[in-house]
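Structure first, commentary second.
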Amino acid sequence: MNVWIAIGITVAGCYAVKLAGLLVPAGALERPAVRRLAALLPVALLAALTAQQTFSTGQDLVLDARVAGLAAAGLALVLRAPFLVVVAAAVLVTAGVRALGW
C-alpha cells in the first residue's frame, strides 16, 4: 500500500471519529456510567503505556534499570512528593542502576 493512501485513510478515520464525537447528544454524555468511563479511561491507558514501555523491548519481556526507576517513582508518589520530584527520582535511580551495570 502506498504511504500516502495510508495517510489519507488515517486522516479520514480521525475526522470521522471527531465528527462522531461532535454528533453525540449532550444527554448521552451526562450519564453516570459515561462520566465514570471518561474519568478512568485516561488513567488506564497511561498505566498500560507505562507498563509496556517499562517491561518490554520489542517482543521481549525485560527486567532492567527501568523497573527500578518505576519503583522509585511509585515510592515517591506514595510519599506524596511533587511531580518534579517523582520524575527526578525515577531518572536518578534509573541512571544510577544503569551506571552500576544492571
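We name chains A, B, ... following the order of the C-alpha cells; residues begin at 1 in each chain, and ligands are numbered from 1 as shown.
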Any chance you could list, as a ChimeraX atom specification, the residues in chain A that come up alpha helix (DSSP H) when DSSP is run on the backbone?
/A:3-23,26-29,32-55,65-78,83-99
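Distances from A:Leu40, A:Leu84, A:Ala51, A:Ala95 to Ala65 in chain A were compared using only C-alpha atoms, and the smallest one belongs to A:Ala95.
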Excluding range 67-76 of chain A and its own-chain neighbours fewer than 6 positions away, which residues fall within 12 Å of it when counting only C-alpha atoms? Please give them as a PDB file with N, CA, C and O atoms, in the first residue's frame.
ATOM      1  N   ALA A  47      -1.442   3.892  32.369  1.00  0.00           N
ATOM      2  CA  ALA A  47      -0.850   2.772  33.093  1.00  0.00           C
ATOM      3  C   ALA A  47      -0.391   1.679  32.128  1.00  0.00           C
ATOM      4  O   ALA A  47       0.690   1.109  32.285  1.00  0.00           O
ATOM      5  N   THR A  50       2.752   2.913  30.347  1.00  0.00           N
ATOM      6  CA  THR A  50       3.897   2.857  31.258  1.00  0.00           C
ATOM      7  C   THR A  50       4.392   1.431  31.423  1.00  0.00           C
ATOM      8  O   THR A  50       5.604   1.169  31.367  1.00  0.00           O
ATOM      9  N   ALA A  51       3.498   0.496  31.603  1.00  0.00           N
ATOM     10  CA  ALA A  51       3.896  -0.909  31.749  1.00  0.00           C
ATOM     11  C   ALA A  51       4.556  -1.435  30.481  1.00  0.00           C
ATOM     12  O   ALA A  51       5.576  -2.118  30.543  1.00  0.00           O
ATOM     13  N   GLN A  52       4.008  -1.089  29.338  1.00  0.00           N
ATOM     14  CA  GLN A  52       4.575  -1.563  28.072  1.00  0.00           C
ATOM     15  C   GLN A  52       5.967  -0.985  27.856  1.00  0.00           C
ATOM     16  O   GLN A  52       6.877  -1.677  27.439  1.00  0.00           O
ATOM     17  N   GLN A  53       6.154   0.284  28.154  1.00  0.00           N
ATOM     18  CA  GLN A  53       7.450   0.917  27.953  1.00  0.00           C
ATOM     19  C   GLN A  53       8.474   0.459  28.988  1.00  0.00           C
ATOM     20  O   GLN A  53       9.668   0.485  28.727  1.00  0.00           O
ATOM     21  N   THR A  54       8.021   0.055  30.168  1.00  0.00           N
ATOM     22  CA  THR A  54       8.938  -0.350  31.233  1.00  0.00           C
ATOM     23  C   THR A  54       9.366  -1.804  31.105  1.00  0.00           C
ATOM     24  O   THR A  54      10.544  -2.120  31.285  1.00  0.00           O
ATOM     25  N   PHE A  55       8.455  -2.682  30.785  1.00  0.00           N
ATOM     26  CA  PHE A  55       8.731  -4.106  30.864  1.00  0.00           C
ATOM     27  C   PHE A  55       8.941  -4.795  29.524  1.00  0.00           C
ATOM     28  O   PHE A  55       9.004  -6.021  29.479  1.00  0.00           O
ATOM     29  N   SER A  56       9.048  -4.056  28.429  1.00  0.00           N
ATOM     30  CA  SER A  56       9.240  -4.733  27.149  1.00  0.00           C
ATOM     31  C   SER A  56      10.236  -3.997  26.275  1.00  0.00           C
ATOM     32  O   SER A  56      10.420  -2.786  26.381  1.00  0.00           O
ATOM     33  N   LEU A  61      10.076  -9.618  27.027  1.00  0.00           N
ATOM     34  CA  LEU A  61       9.794  -9.124  28.366  1.00  0.00           C
ATOM     35  C   LEU A  61      11.127  -8.946  29.071  1.00  0.00           C
ATOM     36  O   LEU A  61      11.944  -9.878  29.109  1.00  0.00           O
ATOM     37  N   PRO A  82       6.065  16.002  45.132  1.00  0.00           N
ATOM     38  CA  PRO A  82       5.635  16.762  43.951  1.00  0.00           C
ATOM     39  C   PRO A  82       6.045  16.054  42.666  1.00  0.00           C
ATOM     40  O   PRO A  82       6.985  15.241  42.652  1.00  0.00           O
ATOM     41  N   PHE A  83       5.369  16.397  41.571  1.00  0.00           N
ATOM     42  CA  PHE A  83       5.580  15.703  40.301  1.00  0.00           C
ATOM     43  C   PHE A  83       7.033  15.757  39.848  1.00  0.00           C
ATOM     44  O   PHE A  83       7.586  14.748  39.404  1.00  0.00           O
ATOM     45  N   LEU A  84       7.675  16.906  39.942  1.00  0.00           N
ATOM     46  CA  LEU A  84       9.068  17.008  39.504  1.00  0.00           C
ATOM     47  C   LEU A  84       9.994  16.148  40.342  1.00  0.00           C
ATOM     48  O   LEU A  84      10.976  15.603  39.831  1.00  0.00           O
ATOM     49  N   VAL A  85       9.696  15.996  41.616  1.00  0.00           N
ATOM     50  CA  VAL A  85      10.499  15.116  42.476  1.00  0.00           C
ATOM     51  C   VAL A  85      10.291  13.660  42.059  1.00  0.00           C
ATOM     52  O   VAL A  85      11.245  12.870  42.052  1.00  0.00           O
ATOM     53  N   VAL A  86       9.078  13.297  41.707  1.00  0.00           N
ATOM     54  CA  VAL A  86       8.795  11.934  41.235  1.00  0.00           C
ATOM     55  C   VAL A  86       9.602  11.629  39.977  1.00  0.00           C
ATOM     56  O   VAL A  86      10.262  10.593  39.868  1.00  0.00           O
ATOM     57  N   VAL A  87       9.569  12.555  39.024  1.00  0.00           N
ATOM     58  CA  VAL A  87      10.314  12.363  37.775  1.00  0.00           C
ATOM     59  C   VAL A  87      11.811  12.318  38.049  1.00  0.00           C
ATOM     60  O   VAL A  87      12.532  11.466  37.518  1.00  0.00           O
ATOM     61  N   ALA A  88      12.299  13.215  38.892  1.00  0.00           N
ATOM     62  CA  ALA A  88      13.731  13.243  39.213  1.00  0.00           C
ATOM     63  C   ALA A  88      14.162  11.948  39.902  1.00  0.00           C
ATOM     64  O   ALA A  88      15.245  11.413  39.603  1.00  0.00           O
ATOM     65  N   ALA A  89      13.344  11.434  40.804  1.00  0.00           N
ATOM     66  CA  ALA A  89      13.683  10.178  41.479  1.00  0.00           C
ATOM     67  C   ALA A  89      13.774   9.040  40.475  1.00  0.00           C
ATOM     68  O   ALA A  89      14.724   8.229  40.520  1.00  0.00           O
ATOM     69  N   ALA A  90      12.832   8.969  39.558  1.00  0.00           N
ATOM     70  CA  ALA A  90      12.856   7.911  38.545  1.00  0.00           C
ATOM     71  C   ALA A  90      14.094   8.024  37.670  1.00  0.00           C
ATOM     72  O   ALA A  90      14.767   7.032  37.395  1.00  0.00           O
ATOM     73  N   VAL A  91      14.416   9.242  37.253  1.00  0.00           N
ATOM     74  CA  VAL A  91      15.578   9.445  36.382  1.00  0.00           C
ATOM     75  C   VAL A  91      16.862   9.093  37.109  1.00  0.00           C
ATOM     76  O   VAL A  91      17.736   8.386  36.571  1.00  0.00           O
ATOM     77  N   LEU A  92      17.021   9.581  38.325  1.00  0.00           N
ATOM     78  CA  LEU A  92      18.262   9.349  39.067  1.00  0.00           C
ATOM     79  C   LEU A  92      18.464   7.873  39.407  1.00  0.00           C
ATOM     80  O   LEU A  92      19.576   7.346  39.281  1.00  0.00           O
ATOM     81  N   VAL A  93      17.408   7.204  39.821  1.00  0.00           N
ATOM     82  CA  VAL A  93      17.539   5.780  40.150  1.00  0.00           C
ATOM     83  C   VAL A  93      17.825   4.955  38.900  1.00  0.00           C
ATOM     84  O   VAL A  93      18.696   4.080  38.909  1.00  0.00           O
ATOM     85  N   THR A  94      17.136   5.257  37.811  1.00  0.00           N
ATOM     86  CA  THR A  94      17.392   4.529  36.570  1.00  0.00           C
ATOM     87  C   THR A  94      18.826   4.743  36.105  1.00  0.00           C
ATOM     88  O   THR A  94      19.526   3.786  35.743  1.00  0.00           O
ATOM     89  N   ALA A  95      19.291   5.980  36.123  1.00  0.00           N
ATOM     90  CA  ALA A  95      20.666   6.262  35.709  1.00  0.00           C
ATOM     91  C   ALA A  95      21.665   5.612  36.645  1.00  0.00           C
ATOM     92  O   ALA A  95      22.694   5.076  36.199  1.00  0.00           O
ATOM     93  N   GLY A  96      21.386   5.639  37.934  1.00  0.00           N
ATOM     94  CA  GLY A  96      22.294   5.017  38.897  1.00  0.00           C
ATOM     95  C   GLY A  96      22.403   3.515  38.719  1.00  0.00           C
ATOM     96  O   GLY A  96      23.493   2.946  38.748  1.00  0.00           O
ATOM     97  N   VAL A  97      21.273   2.872  38.512  1.00  0.00           N
ATOM     98  CA  VAL A  97      21.277   1.417  38.317  1.00  0.00           C
ATOM     99  C   VAL A  97      21.992   1.061  37.005  1.00  0.00           C
ATOM    100  O   VAL A  97      22.762   0.101  36.953  1.00  0.00           O
ATOM    101  N   ARG A  98      21.770   1.849  35.961  1.00  0.00           N
ATOM    102  CA  ARG A  98      22.477   1.599  34.695  1.00  0.00           C
ATOM    103  C   ARG A  98      23.970   1.832  34.848  1.00  0.00           C
ATOM    104  O   ARG A  98      24.772   1.115  34.252  1.00  0.00           O
ATOM    105  N   TRP A 102      23.577  -2.787  35.616  1.00  0.00           N
ATOM    106  CA  TRP A 102      22.466  -3.727  35.548  1.00  0.00           C
ATOM    107  C   TRP A 102      21.662  -3.519  34.327  1.00  0.00           C
ATOM    108  O   TRP A 102      21.189  -2.588  33.914  1.00  0.00           O
TER     109      TRP A 102
END
